[in-house]
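The next block is work.cif, given as mmCIF, C-alpha atoms.
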```
data_upload
loop_
_atom_site.label_atom_id
_atom_site.label_comp_id
_atom_site.auth_asym_id
_atom_site.auth_seq_id
_atom_site.Cartn_x
_atom_site.Cartn_y
_atom_site.Cartn_z
CA MET A 20 0.00 0.00 0.00
CA SER A 21 1.11 3.58 -0.62
CA ASN A 22 0.09 7.13 0.16
CA PRO A 23 -1.46 9.34 -2.53
CA LYS A 24 0.65 11.18 -5.07
CA PHE A 25 1.85 14.64 -4.04
CA ALA A 26 3.49 17.60 -5.75
CA PRO A 27 7.16 17.01 -6.66
CA LEU A 28 9.58 18.66 -4.25
CA LYS A 29 12.66 18.71 -6.49
CA ASP A 30 12.51 22.49 -6.87
CA THR A 31 12.32 23.18 -3.14
CA LYS A 32 15.12 23.82 -0.65
CA LEU A 33 15.13 20.07 0.16
CA PHE A 34 17.17 19.58 -2.98
CA THR A 35 19.77 22.29 -2.55
CA PRO A 36 23.37 21.67 -1.46
CA VAL A 37 24.62 22.25 2.07
CA LYS A 38 27.92 21.73 3.86
CA ILE A 39 28.16 19.75 7.10
CA GLY A 40 31.61 19.76 8.61
CA ASN A 41 33.88 19.17 5.63
CA TYR A 42 31.23 17.31 3.65
CA GLU A 43 29.40 18.82 0.69
CA LEU A 44 25.89 17.33 0.63
CA GLN A 45 23.76 17.50 -2.49
CA HIS A 46 20.40 17.46 -0.74
CA ARG A 47 19.00 18.04 2.75
CA ILE A 48 17.11 14.78 3.34
CA VAL A 49 18.81 12.80 6.11
CA GLN A 50 18.18 9.21 7.09
CA ALA A 51 17.55 9.46 10.83
CA PRO A 52 19.11 6.93 13.23
CA CYS A 53 16.48 4.29 13.97
CA THR A 54 16.96 1.28 16.21
CA ARG A 55 16.17 -1.83 14.16
CA MET A 56 17.75 -4.68 16.20
CA ARG A 57 19.03 -6.66 13.22
CA GLY A 58 22.61 -7.21 14.37
CA VAL A 59 23.86 -10.80 14.30
CA LYS A 60 24.64 -12.22 17.75
CA GLU A 61 28.25 -13.32 18.07
CA SER A 62 28.33 -13.76 21.85
CA ASP A 63 26.51 -12.37 24.87
CA GLY A 64 26.36 -8.59 24.49
CA VAL A 65 28.21 -8.65 21.16
CA ASN A 66 26.14 -8.16 17.99
CA VAL A 67 27.77 -7.69 14.59
CA PRO A 68 26.46 -5.96 11.45
CA GLY A 69 25.72 -8.61 8.86
CA ASP A 70 24.74 -8.74 5.21
CA LEU A 71 21.18 -7.60 5.94
CA MET A 72 22.49 -4.35 7.38
CA VAL A 73 24.79 -3.88 4.38
CA ASN A 74 21.75 -4.26 2.15
CA TYR A 75 19.59 -1.97 4.31
CA TYR A 76 21.96 1.00 4.44
CA GLY A 77 23.30 0.52 0.94
CA ALA A 78 19.78 0.62 -0.51
CA ARG A 79 19.12 3.97 1.20
CA ALA A 80 22.35 5.66 0.15
CA THR A 81 22.28 8.46 -2.42
CA LYS A 82 24.99 10.55 -4.03
CA GLY A 83 25.74 13.42 -1.69
CA GLY A 84 23.17 12.26 0.84
CA LEU A 85 23.68 11.85 4.59
CA GLN A 86 22.69 8.81 6.62
CA ILE A 87 23.01 8.47 10.38
CA ALA A 88 23.27 4.81 11.33
CA GLU A 89 21.39 3.43 14.31
CA ALA A 90 22.42 3.82 17.95
CA THR A 91 25.42 1.57 18.51
CA ASP A 92 27.03 0.28 21.71
CA ILE A 93 30.32 1.95 22.65
CA SER A 94 31.31 -0.96 24.88
CA LEU A 95 30.18 -4.36 26.11
CA TYR A 96 26.75 -4.06 27.75
CA ALA A 97 26.48 -0.35 26.93
CA SER A 98 22.89 -1.25 26.11
CA GLY A 99 22.62 -5.01 26.04
CA TYR A 100 19.50 -4.79 23.88
CA PRO A 101 18.98 -7.78 21.59
CA GLY A 102 20.29 -7.21 18.09
CA ILE A 103 21.92 -3.83 18.83
CA PRO A 104 25.26 -3.64 17.01
CA GLY A 105 28.42 -2.44 18.70
CA ILE A 106 31.62 -0.74 17.64
CA PHE A 107 34.06 -2.14 20.22
CA THR A 108 35.33 -5.41 18.66
CA SER A 109 37.33 -6.14 15.51
CA SER A 110 34.45 -8.19 14.08
CA GLN A 111 32.02 -5.30 14.57
CA ILE A 112 34.42 -2.88 12.90
CA ALA A 113 34.78 -5.31 9.97
CA GLY A 114 31.00 -5.69 9.72
CA TRP A 115 30.43 -1.94 9.71
CA LYS A 116 33.17 -1.51 7.08
CA LYS A 117 31.03 -3.46 4.64
CA VAL A 118 28.14 -1.10 5.39
CA THR A 119 30.17 2.06 4.87
CA ASP A 120 31.68 0.65 1.68
CA ALA A 121 28.17 0.08 0.31
CA VAL A 122 27.21 3.67 1.11
CA HIS A 123 30.40 5.19 -0.28
CA THR A 124 30.10 3.17 -3.49
CA LYS A 125 26.93 5.18 -4.18
CA GLY A 126 28.59 8.48 -3.30
CA GLY A 127 26.87 8.90 0.04
CA PHE A 128 28.05 9.93 3.51
CA ILE A 129 27.31 8.06 6.72
CA PHE A 130 27.76 8.90 10.40
CA LEU A 131 27.39 6.41 13.26
CA GLN A 132 25.28 7.24 16.29
CA ILE A 133 27.07 6.04 19.44
CA TRP A 134 25.45 5.51 22.81
CA HIS A 135 25.36 4.20 26.34
CA THR A 136 21.84 3.63 27.60
CA GLY A 137 22.49 3.92 31.35
CA ARG A 138 19.41 3.10 33.40
CA ALA A 139 17.35 2.34 30.27
CA SER A 140 18.60 -1.27 30.10
CA PRO A 141 18.06 -3.94 32.80
CA PRO A 142 20.73 -6.04 34.54
CA SER A 143 19.59 -9.09 32.58
CA PHE A 144 20.80 -7.39 29.38
CA ARG A 145 24.15 -6.50 30.96
CA GLY A 146 25.42 -9.89 32.03
CA GLY A 147 23.78 -9.44 35.44
CA LYS A 148 25.69 -6.24 36.21
CA PRO A 149 23.72 -3.41 37.85
CA THR A 150 22.50 -0.66 35.58
CA ILE A 151 24.17 2.74 35.98
CA SER A 152 23.03 6.34 35.78
CA SER A 153 23.68 9.81 37.13
CA SER A 154 21.68 8.89 40.24
CA ASN A 155 19.73 6.07 41.85
CA HIS A 156 16.38 7.16 40.40
CA PRO A 157 14.80 4.39 38.29
CA MET A 158 12.62 4.91 35.26
CA ASP A 159 8.88 4.43 35.57
CA GLY A 160 7.37 1.14 34.45
CA ASP A 161 9.08 -2.02 33.29
CA TRP A 162 12.16 -2.77 31.25
CA LEU A 163 12.08 -4.63 27.96
CA ASP A 164 12.66 -7.93 29.79
CA GLY A 165 9.45 -7.39 31.78
CA THR A 166 11.07 -6.66 35.13
CA SER A 167 10.17 -3.60 37.14
CA CYS A 168 12.63 -0.72 36.84
CA ALA A 169 12.02 0.13 40.49
CA SER A 170 13.07 -3.38 41.53
CA ASN A 171 16.68 -2.65 40.53
CA PRO A 172 17.42 1.06 40.93
CA PRO A 173 20.45 2.25 38.98
CA LYS A 174 23.82 2.64 40.62
CA PRO A 175 25.05 6.25 40.64
CA MET A 176 28.25 6.42 38.61
CA THR A 177 31.46 7.24 40.42
CA VAL A 178 33.68 9.95 39.00
CA GLY A 179 36.04 7.19 37.90
CA GLU A 180 33.23 5.44 36.02
CA ILE A 181 32.24 8.72 34.37
CA LYS A 182 35.81 9.19 33.14
CA SER A 183 35.93 5.57 31.92
CA VAL A 184 32.71 5.87 29.93
CA THR A 185 33.97 9.14 28.45
CA ARG A 186 37.04 7.27 27.18
CA ASP A 187 34.76 4.55 25.80
CA PHE A 188 32.94 7.17 23.70
CA ALA A 189 36.24 8.44 22.33
CA ASP A 190 37.44 4.90 21.57
CA ALA A 191 34.15 4.10 19.84
CA ALA A 192 34.53 7.19 17.69
CA LYS A 193 38.03 6.13 16.62
CA ASN A 194 36.73 2.64 15.84
CA ALA A 195 33.93 4.18 13.75
CA ILE A 196 36.45 6.06 11.63
CA GLN A 197 38.44 2.85 11.25
CA ALA A 198 35.22 1.20 10.05
CA GLY A 199 34.91 3.83 7.32
CA PHE A 200 32.30 6.13 8.84
CA ASP A 201 32.53 9.79 7.88
CA GLY A 202 31.79 10.80 11.45
CA VAL A 203 29.81 10.01 14.59
CA GLU A 204 26.76 11.38 16.33
CA ILE A 205 26.85 11.32 20.14
CA HIS A 206 23.48 10.22 21.47
CA SER A 207 22.62 12.65 24.26
CA ALA A 208 18.85 12.43 23.89
CA ASN A 209 15.77 10.28 24.54
CA GLY A 210 16.52 9.46 28.16
CA TYR A 211 19.78 7.57 27.60
CA LEU A 212 22.88 8.03 29.72
CA SER A 213 24.00 11.53 28.72
CA ASP A 214 20.40 12.73 28.90
CA GLN A 215 20.13 11.24 32.40
CA PHE A 216 22.78 13.75 33.49
CA LEU A 217 20.96 16.69 31.88
CA HIS A 218 17.48 16.29 33.41
CA ASP A 219 17.07 17.64 36.91
CA ASN A 220 14.33 15.13 37.80
CA ILE A 221 16.98 12.40 37.40
CA ASN A 222 20.31 13.99 38.24
CA ASP A 223 20.33 15.09 41.88
CA ARG A 224 24.03 14.49 42.45
CA THR A 225 25.82 16.76 44.90
CA ASP A 226 29.25 16.59 43.27
CA GLU A 227 30.74 18.36 40.23
CA TYR A 228 28.40 16.42 37.88
CA GLY A 229 25.09 17.39 39.47
CA GLY A 230 23.02 20.16 40.99
CA SER A 231 23.28 23.26 38.77
CA ILE A 232 22.72 23.13 35.03
CA GLN A 233 26.41 23.97 34.65
CA ASN A 234 27.33 20.79 36.52
CA ARG A 235 24.67 18.67 34.82
CA CYS A 236 26.09 19.61 31.42
CA LYS A 237 29.61 18.63 32.43
CA PHE A 238 29.47 14.94 31.44
CA PRO A 239 27.92 15.47 27.98
CA LEU A 240 30.39 18.28 27.28
CA GLU A 241 33.33 16.16 28.41
CA VAL A 242 32.18 13.38 26.10
CA LEU A 243 31.91 15.85 23.22
CA LYS A 244 35.40 17.20 23.85
CA ALA A 245 36.90 13.71 24.10
CA VAL A 246 35.26 12.59 20.85
CA CYS A 247 36.28 15.77 19.01
CA ASP A 248 39.85 15.35 20.23
CA ALA A 249 39.80 11.73 19.06
CA ILE A 250 38.57 12.19 15.47
CA GLY A 251 38.24 15.91 14.72
CA SER A 252 35.29 18.19 15.45
CA GLU A 253 34.27 18.38 11.78
CA LYS A 254 33.33 14.70 12.05
CA VAL A 255 31.18 15.02 15.19
CA GLY A 256 27.49 15.69 15.74
CA ILE A 257 25.37 15.45 18.86
CA ARG A 258 21.71 14.61 19.32
CA LEU A 259 19.54 16.34 21.93
CA SER A 260 15.83 16.10 22.81
CA PRO A 261 14.92 18.94 25.20
CA TRP A 262 11.15 18.48 24.79
CA ASN A 263 11.13 14.69 25.03
CA TYR A 264 9.35 12.69 27.76
CA PHE A 265 10.77 9.31 26.82
CA GLN A 266 12.05 7.16 29.66
CA SER A 267 10.81 9.45 32.42
CA THR A 268 12.67 12.61 31.45
CA LYS A 269 10.88 15.56 33.08
CA ASP A 270 13.20 18.53 33.44
CA SER A 271 11.87 21.56 35.32
CA ASN A 272 12.93 24.21 32.77
CA ARG A 273 13.72 22.75 29.39
CA LEU A 274 14.03 26.04 27.54
CA ASP A 275 16.50 27.67 29.92
CA HIS A 276 18.52 24.54 30.61
CA TRP A 277 19.01 23.44 26.99
CA SER A 278 19.60 27.05 25.97
CA TYR A 279 22.52 27.03 28.39
CA LEU A 280 23.82 23.80 26.87
CA CYS A 281 23.50 25.23 23.36
CA GLU A 282 25.39 28.35 24.42
CA GLN A 283 28.17 26.12 25.68
CA LEU A 284 28.25 24.21 22.40
CA ALA A 285 28.23 27.40 20.34
CA THR A 286 31.17 28.88 22.24
CA GLN A 287 33.45 25.86 22.33
CA PRO A 288 36.86 26.28 20.70
CA ALA A 289 36.82 25.39 17.02
CA GLY A 290 38.49 22.05 17.66
CA GLN A 291 35.81 21.00 20.16
CA LYS A 292 32.70 22.47 18.56
CA PRO A 293 30.36 19.94 16.88
CA ALA A 294 29.70 20.17 13.16
CA TYR A 295 25.99 19.84 13.84
CA VAL A 296 23.34 19.47 16.52
CA HIS A 297 20.45 17.12 15.80
CA MET A 298 17.25 17.81 17.76
CA VAL A 299 13.87 16.12 18.09
CA GLU A 300 10.80 18.27 17.41
CA PRO A 301 8.54 18.99 20.43
CA ARG A 302 5.53 17.39 18.74
CA PHE A 303 7.21 13.99 18.52
CA ASP A 304 6.56 11.42 21.24
CA GLU A 305 6.93 7.65 21.47
CA VAL A 306 3.49 7.30 23.12
CA LEU A 307 1.38 10.46 22.66
CA ASP A 308 0.11 11.66 19.30
CA GLU A 309 1.24 15.08 18.07
CA GLN A 310 -1.72 17.03 19.48
CA GLN A 311 -1.57 15.32 22.86
CA LYS A 312 2.16 15.99 23.11
CA ILE A 313 1.86 19.70 22.36
CA GLU A 314 -1.04 20.06 24.80
CA SER A 315 0.91 18.25 27.48
CA LEU A 316 3.97 20.47 27.00
CA ALA A 317 1.83 23.60 27.01
CA ASP A 318 0.36 22.53 30.34
CA SER A 319 3.62 21.50 32.00
CA ASP A 320 5.92 24.19 30.58
CA LYS A 321 3.71 27.26 31.07
CA GLU A 322 6.60 29.42 32.21
CA THR A 323 8.85 28.82 29.22
CA GLY A 324 6.91 30.92 26.72
CA SER A 325 8.21 28.93 23.73
CA ILE A 326 7.73 25.26 22.94
CA SER A 327 9.92 25.18 19.88
CA LEU A 328 13.38 24.26 18.68
CA LEU A 329 13.88 27.73 17.25
CA PRO A 330 15.48 29.30 20.36
CA PHE A 331 18.10 26.55 20.35
CA ARG A 332 18.60 26.85 16.59
CA ASN A 333 19.20 30.59 16.92
CA ILE A 334 21.84 30.13 19.62
CA LEU A 335 23.68 27.43 17.68
CA GLN A 336 23.51 29.35 14.41
CA LYS A 337 25.48 32.19 15.99
CA GLY A 338 28.22 29.68 16.71
CA GLY A 339 28.27 28.38 13.14
CA ILE A 340 26.80 25.00 14.09
CA SER A 341 24.50 23.33 11.56
CA PHE A 342 21.06 22.22 12.72
CA LEU A 343 19.19 18.98 11.95
CA SER A 344 15.51 18.55 12.85
CA ALA A 345 13.75 15.21 13.29
CA GLY A 346 10.26 14.14 14.28
CA CYS A 347 7.03 13.69 12.28
CA PHE A 348 8.27 15.11 8.98
CA ASN A 349 6.64 14.15 5.69
CA TRP A 350 6.11 15.39 2.14
CA GLU A 351 3.79 18.14 3.41
CA ASN A 352 5.92 19.89 6.02
CA ALA A 353 9.60 19.14 5.31
CA ALA A 354 10.24 21.75 2.61
CA SER A 355 8.46 24.53 4.51
CA LYS A 356 10.56 23.77 7.60
CA LEU A 357 13.68 24.45 5.54
CA GLU A 358 12.23 27.47 3.75
CA SER A 359 11.45 29.06 7.13
CA GLY A 360 15.14 28.98 8.01
CA SER A 361 14.49 27.10 11.24
CA THR A 362 16.68 24.14 10.25
CA ASP A 363 19.44 23.22 7.80
CA LEU A 364 18.48 19.60 7.18
CA VAL A 365 15.42 17.44 7.81
CA CYS A 366 15.68 13.90 9.16
CA PHE A 367 13.25 11.16 8.19
CA GLY A 368 12.96 7.95 10.19
CA ARG A 369 9.81 5.94 9.59
CA TRP A 370 9.40 7.09 5.98
CA PHE A 371 13.00 6.11 5.23
CA ILE A 372 12.36 2.69 6.77
CA ALA A 373 9.55 2.08 4.29
CA ASN A 374 11.07 3.86 1.29
CA PRO A 375 14.68 2.99 0.42
CA ASP A 376 14.44 5.52 -2.43
CA LEU A 377 12.86 8.27 -0.33
CA PRO A 378 14.81 11.22 -1.82
CA LYS A 379 13.78 10.26 -5.36
CA ARG A 380 10.16 9.78 -4.33
CA LEU A 381 10.07 13.18 -2.63
CA ALA A 382 11.78 14.84 -5.59
CA ASP A 383 9.36 13.42 -8.16
CA GLY A 384 6.14 13.31 -6.12
CA ILE A 385 6.01 9.51 -6.17
CA PRO A 386 3.59 8.00 -3.60
CA LEU A 387 5.33 6.62 -0.53
CA ASN A 388 5.14 3.07 0.76
CA LYS A 389 3.34 2.96 4.10
CA TYR A 390 5.41 1.77 7.04
CA ASP A 391 4.42 -1.12 9.31
CA ARG A 392 5.19 -0.35 12.95
CA SER A 393 4.89 -4.01 13.90
CA THR A 394 8.06 -4.79 11.93
CA PHE A 395 10.30 -2.03 13.28
CA TYR A 396 11.89 -4.48 15.76
CA PHE A 397 12.09 -8.21 16.43
CA THR A 398 10.78 -9.68 13.17
CA VAL A 399 10.94 -13.27 12.05
CA PRO A 400 12.44 -13.56 9.53
CA PRO A 401 14.61 -10.46 10.08
CA GLU A 402 14.18 -9.39 6.45
CA LYS A 403 10.51 -8.66 7.10
CA GLY A 404 9.93 -4.93 7.30
CA TYR A 405 13.65 -4.35 6.86
CA THR A 406 14.90 -5.12 3.37
CA ASP A 407 11.63 -6.05 1.65
CA TYR A 408 10.14 -2.58 1.02
CA PRO A 409 10.04 -2.00 -2.76
CA ILE A 410 11.96 0.63 -4.70
CA TYR A 411 9.71 2.49 -7.13
CA THR A 412 9.68 1.38 -10.73
CA ALA A 413 7.53 2.88 -13.46
CA GLU A 414 6.49 -0.60 -14.55
CA ALA A 415 5.08 -1.39 -11.13
CA ALA A 416 3.21 1.91 -10.83
#
```

Encoded form using structure tokens:
Amino acid sequence: MSNPKFAPLKDTKLFTPVKIGNYELQHRIVQAPCTRMRGVKESDGVNVPGDLMVNYYGARATKGGLQIAEATDISLYASGYPGIPGIFTSSQIAGWKKVTDAVHTKGGFIFLQIWHTGRASPPSFRGGKPTISSSNHPMDGDWLDGTSCASNPPKPMTVGEIKSVTRDFADAAKNAIQAGFDGVEIHSANGYLSDQFLHDNINDRTDEYGGSIQNRCKFPLEVLKAVCDAIGSEKVGIRLSPWNYFQSTKDSNRLDHWSYLCEQLATQPAGQKPAYVHMVEPRFDEVLDEQQKIESLADSDKETGSISLLPFRNILQKGGISFLSAGCFNWENAASKLESGSTDLVCFGRWFIANPDLPKRLADGIPLNKYDRSTFYFTVPPEKGYTDYPIYTAEAA
């Protein structure tokens, strides 16, 4: 099934060139990082990119286009999720090299999103080790393995552990470059470890990594600096989600606190300033629909005055940092977002899952394949909903 035909977008700003870091892109449609859980298990906690992933990313590559590969473990048990690939073993580096080769053969660029999930993964996914976070506050609800998050509160990280994980991020970035990636995106969003330091409803530490917003930003900024030092700032992006609720993130003043973080990013020395910041639109939510999310934010953030990414965009733009927007974009609203000047590139997740040839379809007004949420994760066989979406052909139309 497909959506109805729409007006071609080839003459809009979506299909104009833009420079990110040292890379000259030919269009502004980005494949967003989406967890798909199709890595091949090699041993407990070690999943390797296989031929399916080569096919998946290679099919979505375009000349001068940017792809951001899915969140990837920086170390053993950084997430522990089933099927999540890593970038900490030689076999994983070799597997990813096949992916990047497939993308580069088509003239595309690809960054790797790197993460540590912190309290978002249970002990059973970490070889029985306790989960870690900025504090001992658990998430609401249950983990993916069905156990209650409250039954095993996270262990607050020691300063030594914070420094160790920071080094793991830098090592993962170097491994990504060895695997042929053009850069990395540090995952500091969606309630994962870095985000657990940013939100004041989670981080109530009393040391140099907690309390004030200045202290709460320290770990994410140290990670950024370490990664930039490891591979070069022109190859580094960072993802943030100030308006997100996912995994019990409920900061008391999102606008002020993330504005401070953006000011810090924008004023970093050139060698430690990210090439881009990738943010999630306020309307996007993993549970609520768009209207419910906006209404909820309007109710809970009455004092902020602005539920928008624009204040953050404006701060970062002054520092020469490119801006990527993600969350609920489609053929109707992507071009206007760019034309308004409120972003430099637009990221597509679900529509890129279902349409390997998404840029061509958007350019020519070709109806889009509809996505099937039930196949985003855990499918049997793994090809289902992953590499079986058709590329448009005139004969099949």

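Distance annotation: of A:Gly58, A:Gly251, A:Gly77, A:Gly102, the residue with the minimal separation from Val122 of chain A is A:Gly77; atom set is all atoms listed in the file.
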
Exercise. Could you check which of A:Ser94, A:Gln215, A:Asn222, A:Ser267 is closest to Asp187 of chain A, using only C-alpha atoms?
Key: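 Of the candidates, the smallest distance to Asp187 of chain A is held by A:Ser94.
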
Practice prompt. Please identify all polymer residues within 12 Å of Pro149 of chain A, counting all atoms listed in the file, omitting same-chain residues fewer than 4 positions from it, and present them as number ranges by chain.
Written response: A: 96-99, 137-145, 155, 157, 168, 170-176

Where is the centre and how long are the edges: axis-aligned box on segment 22-41 of chain A, 6 Å on each side, Å to one decimal, as lines of an AutoDock Vina configuration file:
```
center_x = 16.2
center_y = 15.5
center_z = 0.9
size_x = 47.3
size_y = 28.7
size_z = 27.5
```

Check your understanding: Taking (32.6, 1.5, 30.7) in the file's coordinates as the center, which residues reach within 12 Å of it, counting all atoms listed in the file, put as a PyMOL selection string?
Key -> chain A and resi 92-98+107+134-137+145+148+150-152+176-191+212

Can you spell out as a compact mmCIF listing (two decimals) with C-alpha atoms, in the coordinates of the input the set of residues that the PyMOL selection byres ((chain A and resi 66) around 8) selects in the structure I just provided?
```txt
# COMPACT_ATOMS: atom_id res chain seq x y z
CA GLY A 58 22.61 -7.21 14.37
CA VAL A 59 23.86 -10.80 14.30
CA LYS A 60 24.64 -12.22 17.75
CA GLU A 61 28.25 -13.32 18.07
CA SER A 62 28.33 -13.76 21.85
CA GLY A 64 26.36 -8.59 24.49
CA VAL A 65 28.21 -8.65 21.16
CA VAL A 67 27.77 -7.69 14.59
CA PRO A 68 26.46 -5.96 11.45
CA GLY A 102 20.29 -7.21 18.09
CA ILE A 103 21.92 -3.83 18.83
CA PRO A 104 25.26 -3.64 17.01
CA GLY A 105 28.42 -2.44 18.70
CA GLN A 111 32.02 -5.30 14.57
```

Within 9 Å of His46 of chain A, counting all atoms listed in the file, which residues qualify if same-chain residues fewer than 5 places away don't, as a PyMOL selection string? chain A and resi 32-37+82-85+364+378

Can you write just those residues out, C-alpha atoms, as a tab-separated table (two decimals), in the coordinates of the input?
```
chain	number	residue	atom	x	y	z
A	32	LYS	CA	15.12	23.82	-0.65
A	33	LEU	CA	15.13	20.07	0.16
A	34	PHE	CA	17.17	19.58	-2.98
A	35	THR	CA	19.77	22.29	-2.55
A	36	PRO	CA	23.37	21.67	-1.46
A	37	VAL	CA	24.62	22.25	2.07
A	82	LYS	CA	24.99	10.55	-4.03
A	83	GLY	CA	25.74	13.42	-1.69
A	84	GLY	CA	23.17	12.26	0.84
A	85	LEU	CA	23.68	11.85	4.59
A	364	LEU	CA	18.48	19.60	7.18
A	378	PRO	CA	14.81	11.22	-1.82
```

**OP:** Please write the residues picked by the PyMOL selection byres ((chain A and resi 296-300) around 8) on this file as a ChimeraX atom specification.
**Re:** /A:256-263,293-295,301-303,327-328,340-347

Separation of atom CA of Thr286 of chain A from atom CA of Tyr42 of chain A in Å:
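Result for atom CA of Tyr42 of chain A versus atom CA of Thr286 of chain A: 21.9 Å, one decimal.
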
Of the listed residues A:Tyr228, A:Phe216, A:Tyr75, A:Phe200, that which approaches Ile106 of chain A most closely, counting only C-alpha atoms:
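That would be A:Phe200, the residue with the smallest distance to Ile106 of chain A.
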
I'd like to know which of A:Ile385, A:Val399, A:Gly229, A:Leu44 is closest to Ala413 of chain A, using all atoms listed in the file.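 Answer, going by the shortest atom-to-atom distance: A:Ile385.
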